[in-house]
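Engineer: What follows is a single structure, and I will ask about it in a moment.
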Amino acid sequence: MGSALRRTPTIYNAIWTNSKFLMAVLVAISLHFVPQHAVAQEVSDQINIGADGIMRWNADGREVTGFGVNYTAPFAHAFRAGKKMGVDLKMAIDQDVYQFSRLGFDLFRVHVWDCEISDTLGNLLDNEHLELFDYLLYKLKERNINAIITPIAYWGNGWPEPDEPTPGFSSKYGKDKCLVDPEAIKAQENYLAQFVNHVNRHTGVAYKDEPGILAFEICNEPHHRGSPEQVTAFVRGMKEAIRSTGTTKPIFYNVTHGINYAADYYAAGIDGGTFQWYPTGLGFQKELGGNMLPNVDYYPIPFDDVLKKNGSARIVYEFDAADMASTYMYPAMARSFRSAGMQLATHFSYEASYLAPYNTEYNTHYMNLLFAPRKALSLMISAEVFRTIPLYTTYSAYPDNTSFGPFRISYENDLAEMVTGSKYYYTNNTTTMPPDPDKLEHIAGWGNSPMVAYDGTGAYFLDKIVDGIWSLEVFPDATQVDNLFGRNSPDKRLVEISNEVHTLTINLPNLSRNYLISSLDFTKQLEYSKKSFQVSPGAYLLIFSGVDAKGEQKVREYVANKKYSDYADTAVKTSVTKTTLVHVSREECVQYRDLPVTASVVSPVLIDSVNLWYYKDSKLVSIKMKTSNSHTYSASIPGNDLRKLEYVMYYITVSGDHQMYSYPSGREIIPGQWNFDTVESYRVRCIRDSSPIYLFNAGRDYDRLNREWLPESRLIPAKPNGADWLHLSIKELAKTDPENPQGPKTADYSIRHYFGDFIEGRRYDLRIMHNLVLRGDPAPDTKYPIQVSLVMKDGSAFGAIIKLKPKKYKYIVPLDKLERVKAVILPRPYPSFLPYYSSTGKADKLDISQIESLQISIGPGIKEKDVDKKRELVISSVYLER
């Protein structure tokens with residue numbers, strides 16, 4: 001496909017001959033292959049923490065800020081998988097660190113797998129893991145990315161595989177004993193001192209003296225259970241082991257686990273606390289649906305008084321909106337972190353590019369610029385939030401906080417964006433216009449905007465070097481072809497990337513009509529008189545006009561410092577080996593109403609057409625599907641063709657290179673041929689607009705529920721001609737949180753089901769529905785209330801109490817009787833001290849057109865004296881009817 005980018009050697013040679021500047025650019029580009037050893041900012045031992053707990057640079061008194069990712073290539077599963085795949089791990093690190101830099105990250109964190117680099121006495125083992133970690137820190141330093149290091153993880157090295165035998169003290173003692181056993185503690189103190197004293201073989205600088213290492217976090221998620229005195233003694237011993245090396249770097253400790261010990265941690269003399277945030281829980285095994293912005297409205301710390309009393313600095317060691325492919329969450333989390341006083345934050349976890357097609361390392365997380373470009377751009381914007389939003393700035397509750405500073409987030413459009421005079425970043429198609437396009441210097445985006453239009457599915461970056469010269473980087477197309485968050489395996493690809501040629505249109509106001517587009521190695525050159533041109537993934541220079549000698553030098557330095565050779569390595573060859581179509585059919589459609597059909601397609605061959613086939617009056621007909629970007633196709637079956645049907649069956653074909661594949665079968669066959677299997681089809685039930693709208697069906701939705709797992713709960717299969725039942729068995733409503741044993745107990749057990757995707761084709765029919773219906777039953781000989789609520793997109797919840805009685809089965813509540821109730825934050829977040837109820841949403845009346853989730857709560861209406869009683873019930877379905 002590279003032939004689509006034609007070459008114009010005559011114009012190219014003429015421009016070279018007549019432009020001293022372009023010759024200078026050629027020299028500059030030739031230099032970019034020479035290793036450049038940029039020096040990280042010399043700040044690590046120049047940080048002071050004031051009585052207000054704010055870290056500042058001693059050099060100029062500015063606030064310390066940093067934002068980036070966790071990344072684990074030197075250790076555990078990532079290391080083993082790379083070895084099995086034959087990956088050059090140093091080259092892989094080069095590629096990924098380039099991506100960190102491209103996204104504007106200036107911070108890295110990892111919990112080191114001590115089990116792989118220590119023995120049982122805590123002696124540091126100088127092995128391949130440690131050497132590769134040294135290399136990673138060296139490459140981060142080259143790109144001015146600082147680090148927070150957690151030397152002790154306590155984990156085995158297996159996840160998601162079984163643990164391997166490892167030589168370290170953690171393997172011998174395990175986490176629990178490591179916190180209390182004298183010999184284990186002695187080994188850890190020995191290990192910490194040796195680790196901090198270790199001299200990086202690639203930089204020649206000990207970790208304790210490395211300016212790029214800003215601080216140490218003693219250990220990862222310790223889970224203390226001993227006496228306060230034991231906890232203080234443990235933390236003090238670890239801190240003193242680090243201080244014995246002579247380092248003056250700040251020392252942090254995890255304060256989000258065992259928060260009843262908060263004062264005891266600080267009694268040991270730590271400099272600050274580390275925090276985590278997983279506001280959407282962990283391990284849902286599929287993509288979460290619904291608006292999760294209410295889950296990240298703010299980050300309250302119940303022991304904030306302890307932090308203030310001790311002048312504690314605050315950093316975030318891990319965070320993620322797990323099990324989400326959306327892009328609107330991260331800037332909102334960054335905003336709430338800044339409101340809570342956080343100065344440094346690292347997302348967990350950036351998938352090494354060689355693992356990203358499979359997402360086997362941590363299947364509940366997913367982050368990579370190549371394979372998840374829109375999410376990566378969202379993190380890029382979040383890094384800017386940390387640099388822009390002042391500490392402790394407060395905001396109103398959602399939905400009144402979606403615009404803050406130069407940032408805007410939108411659940412409805414799955415969009416995050418930053419718009420300033422010089423920077424213009426966005427994660428999805430946007431119509432927002434920058435205030436002064438002439439002053440733009442940096443553009444990063446996906447899709448279309450007023451400044452750039454691109455029909456590929458990778459990210460792109462435009463950066464002004466000097467007046468008249470911009471760099472352009474285009475990343476490969478990424479197409480999701482399977483569930484990102486399920487039971488993943490190295491033999492199952494979840495995302496395919498492809499290096500395809502697409503049209504790029506640039507609408508920069510100062511764009512001259514004649515300019516040169518040049519690849520960095522000058523194998524591709526084009527001169528155009530239009531703003532649109534064909535481009536394949538790669539790094540380019542856009543040369544609009546000549547510059548003076550000072551400008552020449554700036555371009556020369558820019559190209560050299562960028563180290564585009566690392567970019568060239570990230571331009572992974574296309575991974576597509578077969579034609580794949582991804583489509584999820586709707587469960588039902590309404591007669592007389594058009595049925596939209598959308599599919600994603602990737603193929604190793606040029607696609608000629610994608611067609612939708614269905615039966616019209618017993619005759620097979622086809623409609624050509626239109627493309628909204630290079631891999632997404634859509635069409636609709638006309639409502640008039642559905643008017644007499646109880647079910648509609650349809651097929652999708654993909655044609656290219658003289659082949660036609662039919663789906664869902666995937667066979668190379670034309671629909672209607674004598675040997676075409678008509679039964680293997682997409683099948684949608686056709687109903688009337690007055691039919692009930694199902695919000696929950698136990699058999700269909702059991703594994704889609706957001707809830708706390710209950711060991712005795714299960715799905716009861718249907719009897720003949722019956723319905724499946726969700727069985728809930730709740731032993732106690734008010735539980736003690738082991739990480740916050742002195743915290744308040746909430747007598748409530750709630751489940752939530754997102755139904756927005758199921759009712760998308762029925763939203764128009766919501767207006768004619770009048771009743772909410774629940775089919776359920778309590779355990780025999782019991783009577784008690786439950787609350788059934790409808791949750792709107794803005795987080796407002798409206799519900800009613802239903803008094804369950806044995807063998808009644810069907811309960812009807814008029815929709816106009818629903819009243820504003822508390823919405824529970826589900827999935828339940830980590831850390832567990834975060835609020836139980838949401839404070840978002842401002843509706844005072846139910847807007848039925850905005851509903852998207854069902855909440856069922858056991859707790860409201862139950863008397864305090866009865867909260868400890870065991871509750872059992874079964875629920876078959878919840879639906880709306882006329």
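Residues are referred to by chain and number: the chain letter is A, B, ... according to the order shown in the structure tokens, the number counts from 1 in that chain, and ligands are numbered separately from 1 in the order shown.
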Quick one: residues within 10 Å of A:Tyr615, only C-alpha atoms counted, chain neighbours fewer than 4 positions away excluded, as a list in words?

Structural biologist: Lys619, Leu620, Val621, Ser622, Ile637, Asp641, Leu642, Val648, Met649, Tyr650 and Tyr651 of chain A

Engineer: Please save N, CA, C and O atoms of the selected residues as a PDB file, in the first residue's frame.

Structural biologist:
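Dumped to result_29.pdb:
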ATOM      1  N   LYS A 619     -36.885 -12.930  -0.306  1.00  0.00           N
ATOM      2  CA  LYS A 619     -35.808 -12.794  -1.284  1.00  0.00           C
ATOM      3  C   LYS A 619     -34.596 -12.162  -0.618  1.00  0.00           C
ATOM      4  O   LYS A 619     -34.718 -11.177   0.102  1.00  0.00           O
ATOM      5  N   LEU A 620     -33.418 -12.736  -0.846  1.00  0.00           N
ATOM      6  CA  LEU A 620     -32.191 -12.241  -0.243  1.00  0.00           C
ATOM      7  C   LEU A 620     -31.732 -10.973  -0.960  1.00  0.00           C
ATOM      8  O   LEU A 620     -31.509 -10.988  -2.177  1.00  0.00           O
ATOM      9  N   VAL A 621     -31.589  -9.875  -0.207  1.00  0.00           N
ATOM     10  CA  VAL A 621     -31.139  -8.605  -0.787  1.00  0.00           C
ATOM     11  C   VAL A 621     -29.926  -8.115  -0.006  1.00  0.00           C
ATOM     12  O   VAL A 621     -29.664  -8.565   1.120  1.00  0.00           O
ATOM     13  N   SER A 622     -29.186  -7.183  -0.608  1.00  0.00           N
ATOM     14  CA  SER A 622     -27.991  -6.677   0.066  1.00  0.00           C
ATOM     15  C   SER A 622     -27.951  -5.160   0.002  1.00  0.00           C
ATOM     16  O   SER A 622     -28.490  -4.545  -0.927  1.00  0.00           O
ATOM     17  N   ILE A 637     -31.247  -1.919   8.198  1.00  0.00           N
ATOM     18  CA  ILE A 637     -32.335  -2.639   7.551  1.00  0.00           C
ATOM     19  C   ILE A 637     -33.587  -1.781   7.684  1.00  0.00           C
ATOM     20  O   ILE A 637     -33.982  -1.430   8.803  1.00  0.00           O
ATOM     21  N   ASP A 641     -39.229  -3.219   6.000  1.00  0.00           N
ATOM     22  CA  ASP A 641     -38.922  -4.610   5.684  1.00  0.00           C
ATOM     23  C   ASP A 641     -39.004  -5.510   6.907  1.00  0.00           C
ATOM     24  O   ASP A 641     -38.805  -6.732   6.797  1.00  0.00           O
ATOM     25  N   LEU A 642     -39.271  -4.927   8.073  1.00  0.00           N
ATOM     26  CA  LEU A 642     -39.369  -5.700   9.308  1.00  0.00           C
ATOM     27  C   LEU A 642     -40.811  -5.827   9.796  1.00  0.00           C
ATOM     28  O   LEU A 642     -41.078  -6.481  10.796  1.00  0.00           O
ATOM     29  N   VAL A 648     -35.657 -11.330  12.420  1.00  0.00           N
ATOM     30  CA  VAL A 648     -34.948 -11.010  11.196  1.00  0.00           C
ATOM     31  C   VAL A 648     -33.578 -11.676  11.269  1.00  0.00           C
ATOM     32  O   VAL A 648     -32.897 -11.630  12.300  1.00  0.00           O
ATOM     33  N   MET A 649     -33.222 -12.365  10.176  1.00  0.00           N
ATOM     34  CA  MET A 649     -31.905 -12.984  10.075  1.00  0.00           C
ATOM     35  C   MET A 649     -31.100 -12.219   9.034  1.00  0.00           C
ATOM     36  O   MET A 649     -31.623 -11.882   7.959  1.00  0.00           O
ATOM     37  N   TYR A 650     -29.842 -11.945   9.355  1.00  0.00           N
ATOM     38  CA  TYR A 650     -29.024 -11.204   8.393  1.00  0.00           C
ATOM     39  C   TYR A 650     -27.590 -11.706   8.429  1.00  0.00           C
ATOM     40  O   TYR A 650     -27.166 -12.411   9.348  1.00  0.00           O
ATOM     41  N   TYR A 651     -26.841 -11.299   7.416  1.00  0.00           N
ATOM     42  CA  TYR A 651     -25.452 -11.714   7.233  1.00  0.00           C
ATOM     43  C   TYR A 651     -24.652 -10.484   6.798  1.00  0.00           C
ATOM     44  O   TYR A 651     -25.209  -9.509   6.293  1.00  0.00           O
TER      45      TYR A 651
END

Engineer: Name all residues at most 6 Å from stretch 340-349 of chain A (count only C-alpha atoms; drop same-chain ones fewer than 2 positions away) and give them as number ranges by chain.

Structural biologist: A: 65-71, 314-320, 337-338, 391-392

Engineer: Keeping only all heavy atoms, write the selected residues to a file as a compact mmCIF listing (two decimals), in the first residue's frame.

Structural biologist:
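The resulting selection35.txt:
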# COMPACT_ATOMS: atom_id res chain seq x y z
N THR A 65 5.80 18.20 40.38
CA THR A 65 4.70 17.45 39.79
C THR A 65 5.28 16.37 38.89
O THR A 65 6.39 16.49 38.38
CB THR A 65 3.74 18.32 38.95
OG1 THR A 65 4.47 18.91 37.87
CG2 THR A 65 3.11 19.41 39.80
N GLY A 66 4.52 15.31 38.70
CA GLY A 66 4.94 14.25 37.80
C GLY A 66 3.78 13.34 37.50
O GLY A 66 2.90 13.12 38.34
N PHE A 67 3.78 12.79 36.28
CA PHE A 67 2.69 11.91 35.87
C PHE A 67 3.23 10.90 34.88
O PHE A 67 3.98 11.26 33.97
CB PHE A 67 1.56 12.71 35.23
CG PHE A 67 0.32 11.91 34.96
CD1 PHE A 67 -0.71 11.88 35.88
CD2 PHE A 67 0.19 11.20 33.78
CE1 PHE A 67 -1.86 11.14 35.64
CE2 PHE A 67 -0.96 10.45 33.53
CZ PHE A 67 -1.98 10.42 34.46
N GLY A 68 2.85 9.64 35.05
CA GLY A 68 3.32 8.62 34.13
C GLY A 68 2.68 7.28 34.38
O GLY A 68 1.49 7.20 34.70
N VAL A 69 3.48 6.22 34.27
CA VAL A 69 2.93 4.87 34.29
C VAL A 69 3.81 3.91 35.07
O VAL A 69 5.00 4.15 35.28
CB VAL A 69 2.77 4.32 32.85
CG1 VAL A 69 1.66 5.02 32.11
CG2 VAL A 69 4.08 4.39 32.07
N ASN A 70 3.21 2.79 35.49
CA ASN A 70 3.94 1.61 35.92
C ASN A 70 4.24 0.78 34.66
O ASN A 70 3.46 0.77 33.70
CB ASN A 70 3.09 0.77 36.87
CG ASN A 70 3.00 1.34 38.27
OD1 ASN A 70 3.63 0.85 39.21
ND2 ASN A 70 2.21 2.39 38.44
N TYR A 71 5.36 0.06 34.71
CA TYR A 71 5.79 -0.71 33.54
C TYR A 71 6.75 -1.78 34.03
O TYR A 71 7.65 -1.51 34.83
CB TYR A 71 6.47 0.23 32.54
CG TYR A 71 7.09 -0.41 31.33
CD1 TYR A 71 6.30 -0.87 30.28
CD2 TYR A 71 8.48 -0.54 31.21
CE1 TYR A 71 6.88 -1.42 29.14
CE2 TYR A 71 9.06 -1.09 30.08
CZ TYR A 71 8.25 -1.53 29.04
OH TYR A 71 8.83 -2.08 27.93
N ARG A 314 2.01 13.68 49.30
CA ARG A 314 1.01 12.74 48.81
C ARG A 314 1.29 12.38 47.35
O ARG A 314 1.42 13.26 46.51
CB ARG A 314 -0.39 13.35 48.93
CG ARG A 314 -0.69 13.95 50.28
CD ARG A 314 -2.04 14.65 50.31
NE ARG A 314 -2.23 15.37 51.57
CZ ARG A 314 -3.42 15.62 52.11
NH1 ARG A 314 -4.52 15.23 51.50
NH2 ARG A 314 -3.51 16.28 53.26
N ILE A 315 1.38 11.08 47.09
CA ILE A 315 1.58 10.63 45.72
C ILE A 315 0.67 9.43 45.45
O ILE A 315 0.25 8.73 46.38
CB ILE A 315 3.05 10.28 45.41
CG1 ILE A 315 3.51 9.06 46.21
CG2 ILE A 315 3.95 11.47 45.67
CD1 ILE A 315 4.92 8.63 45.86
N VAL A 316 0.39 9.18 44.19
CA VAL A 316 -0.45 8.07 43.76
C VAL A 316 0.44 7.03 43.10
O VAL A 316 1.04 7.30 42.06
CB VAL A 316 -1.54 8.54 42.78
CG1 VAL A 316 -2.43 7.37 42.37
CG2 VAL A 316 -2.35 9.68 43.38
N TYR A 317 0.51 5.85 43.71
CA TYR A 317 1.40 4.82 43.16
C TYR A 317 0.72 4.01 42.07
O TYR A 317 1.37 3.49 41.17
CB TYR A 317 1.94 3.91 44.27
CG TYR A 317 0.93 2.99 44.92
CD1 TYR A 317 0.80 1.67 44.54
CD2 TYR A 317 0.10 3.45 45.95
CE1 TYR A 317 -0.11 0.83 45.14
CE2 TYR A 317 -0.81 2.63 46.56
CZ TYR A 317 -0.93 1.31 46.16
OH TYR A 317 -1.85 0.47 46.76
N GLU A 318 -0.60 3.86 42.14
CA GLU A 318 -1.34 3.12 41.12
C GLU A 318 -2.73 3.70 40.98
O GLU A 318 -3.36 4.08 41.97
CB GLU A 318 -1.49 1.63 41.48
CG GLU A 318 -0.22 0.82 41.46
CD GLU A 318 -0.47 -0.64 41.87
OE1 GLU A 318 -1.65 -1.04 41.98
OE2 GLU A 318 0.50 -1.36 42.09
N PHE A 319 -3.23 3.74 39.74
CA PHE A 319 -4.63 4.05 39.50
C PHE A 319 -5.01 3.54 38.13
O PHE A 319 -4.17 3.37 37.25
CB PHE A 319 -4.90 5.57 39.59
CG PHE A 319 -4.41 6.35 38.41
CD1 PHE A 319 -5.24 6.58 37.32
CD2 PHE A 319 -3.12 6.85 38.37
CE1 PHE A 319 -4.79 7.29 36.21
CE2 PHE A 319 -2.66 7.57 37.27
CZ PHE A 319 -3.50 7.79 36.19
N ASP A 320 -6.28 3.28 37.96
CA ASP A 320 -6.82 2.95 36.64
C ASP A 320 -8.34 2.92 36.72
O ASP A 320 -8.90 2.65 37.79
CB ASP A 320 -6.31 1.58 36.17
CG ASP A 320 -6.68 1.29 34.70
OD1 ASP A 320 -6.91 2.26 33.95
OD2 ASP A 320 -6.74 0.11 34.32
N PHE A 337 -7.53 13.92 41.94
CA PHE A 337 -6.25 13.76 42.63
C PHE A 337 -5.66 15.11 43.02
O PHE A 337 -5.16 15.28 44.13
CB PHE A 337 -5.25 13.01 41.74
CG PHE A 337 -5.43 11.52 41.72
CD1 PHE A 337 -5.24 10.80 40.54
CD2 PHE A 337 -5.77 10.81 42.85
CE1 PHE A 337 -5.38 9.43 40.50
CE2 PHE A 337 -5.92 9.43 42.83
CZ PHE A 337 -5.73 8.74 41.65
N ARG A 338 -5.70 16.05 42.09
CA ARG A 338 -5.15 17.37 42.39
C ARG A 338 -5.95 18.05 43.51
O ARG A 338 -5.37 18.70 44.38
CB ARG A 338 -5.13 18.24 41.14
CG ARG A 338 -4.19 17.74 40.05
CD ARG A 338 -2.75 17.77 40.48
NE ARG A 338 -2.23 19.13 40.52
CZ ARG A 338 -1.07 19.48 41.07
NH1 ARG A 338 -0.33 18.58 41.71
NH2 ARG A 338 -0.67 20.73 41.04
N LEU A 391 -2.90 22.62 43.10
CA LEU A 391 -3.22 21.71 44.21
C LEU A 391 -4.41 22.24 45.01
O LEU A 391 -4.55 23.44 45.22
CB LEU A 391 -2.01 21.57 45.15
CG LEU A 391 -0.98 20.50 44.85
CD1 LEU A 391 0.09 20.50 45.94
CD2 LEU A 391 -1.59 19.12 44.71
N TYR A 392 -5.23 21.32 45.46
CA TYR A 392 -6.36 21.57 46.36
C TYR A 392 -7.44 22.46 45.75
O TYR A 392 -8.28 23.01 46.47
CB TYR A 392 -5.87 22.18 47.68
CG TYR A 392 -4.95 21.25 48.45
CD1 TYR A 392 -3.58 21.51 48.56
CD2 TYR A 392 -5.45 20.10 49.04
CE1 TYR A 392 -2.74 20.64 49.25
CE2 TYR A 392 -4.60 19.23 49.73
CZ TYR A 392 -3.26 19.50 49.83
OH TYR A 392 -2.43 18.64 50.52

Engineer: Could you pull out the helix (DSSP H, G or I) residues of stretch 149-390 of chain A from DSSP and send them as a count of residues only?

Structural biologist: 91

Engineer: Measuring between only C-alpha atoms, which one of A:Leu192, A:Lys731, A:Ser353, A:Val205 shows the shortest distance to A:Asp96?

Structural biologist: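 Once distances to A:Asp96 are computed over only C-alpha atoms, the minimum belongs to A:Ser353.
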
Engineer: Please list as a list in words every residue within 8 Å of A:Asn190, counting only C-alpha atoms and excluding residues in the same chain fewer than 5 positions away.

Structural biologist: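 The filter keeps Leu121, Gly122, Asn123 and Ala241 of chain A.
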